[in-house]
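To start, the structure under review is shown below, and the notes come after it.
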Amino acid sequence: MIEKVHAHIISELSTNTRTDTIFVLTAIILNLITLGINSGLASSEGDTTQTIVMFTFVALIIVVNFVAEIGLIRGRQMRKKLLDGLLKMYKDQGVEGYYDPSLLGDYALRYNLFMLTVLFTGLIAIIIPFIIR
Amino acid sequence: MKYVKFIICFFMLTVIALSCLVSPAVLVAQEGKQDLSLRLLYDYYYKEVTRGKDNALFMEIRNYGTNEVNNIRFISNKPTGWLVEFNPESLDRLVAGSSHTIDIKVVPPSHADKGEYNLTFIAEADETRTATSTMLRVDGGVSTWLWVGVGVGVLMLAGFIIVFLRFGKQ
């Protein structure tokens, strides 16, 4: 039974990694695409329609970035819970020496860096078009 | 004899035709040529100007004609809200072959949008009229849109921090 639980935790961890990768990539790619579109709009002759389109894209950036941030926070918490369970399992089996608990801290740092990357590409995608305008 | 008459007739017709062609030019030469030219420095095209501040341009007016040009007034076609001043504002006369430098002070309004603006400078004399134009660029400085962008950015940053603290603790 314990082997099945172990396989389940490992499967959950890989699903978690895949989901987090999708969140990060989607947010960064959308930020960069919106940066291009809004910069193009800002450098052209400005009228009300273009301003509305620009602000719509800004709203999209904000929503997607917040969704990505919440998703990454939840992903980090989920990974921590799964790894805690895995560590407990290793401890019960007497093999905890093979898994360094400091890896949990590294994962937390990595998640924070992903969030910073998403945040700053989002900020650039918002501010640069307004500088050009 | 027949050929001689033909040659004489042909010669006379040729002389009449040539005299008709030449006479207008001779008349113009006798009246004199009016040719007034305005010239801005090449660097002034697409020159950056600052909102609400004096921006100096220099323009040369030259009389390429053969006659003196009198009572030259300087006027401008400018975008709304822009101030253009000439120094001197007018010239009493400009003799043939001579030139004069005109200082131009251009002041865009402090609320001018970022972009390109077309200005035309006109010299209007009693005898003739000439014009030149340039495109000036309002750039740099702090525009309202920059503050809008920074404001939205700051709000997003604050939201990120709040979400991080709120959901990160759970």
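In the structure tokens, the first chain shown is A, the next is B, and so on; residue numbers restart at 1 for each chain, and ligands run from 1 in the order shown.
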
Could you list, as a list of chain:residue names, the residues of chain B having an atom within 7 Å of chain A when counting only C-alpha atoms?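 Written out as asked, the residues are B:Trp145, B:Leu146, B:Gly149, B:Val150, B:Gly153, B:Met156, B:Phe167, B:Gly168.
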
Write out as number ranges by chain each polymer residue whose atoms come within 8 Å of stretch 32-35 of chain B, counting only C-alpha atoms; drop sequence neighbours fewer than 5 positions from it. B: 63-67, 69, 127-128

DSSP on the backbone, strand (DSSP E) only: what residues of stretch 33-90 of chain B does that give? Format it as a VMD selection string. chain B and resid 36 to 40 47 to 49 55 to 63 69 to 77 83 to 87 90

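For the residues A:Leu86, A:Val64, A:Leu32, A:Val24, ranking by smallest atom-to-atom distance to A:Ile9 using only C-alpha atoms places A:Leu86 first.
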
Identify which of the residues A:Ile2, A:Asn31, A:Arg110, A:Gly36 lies closest to A:Gly75, counting only C-alpha atoms when measuring atom-to-atom distances.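 Among A:Ile2, A:Asn31, A:Arg110, A:Gly36, it is A:Arg110 that comes nearest to A:Gly75.
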
Of the candidates A:Thr56, A:Pro101, A:Ala108, A:Met78, which shows the shortest atom-to-atom distance to A:Thr34, using only C-alpha atoms?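 Looking at the shortest contact to A:Thr34, the residue is A:Thr56.
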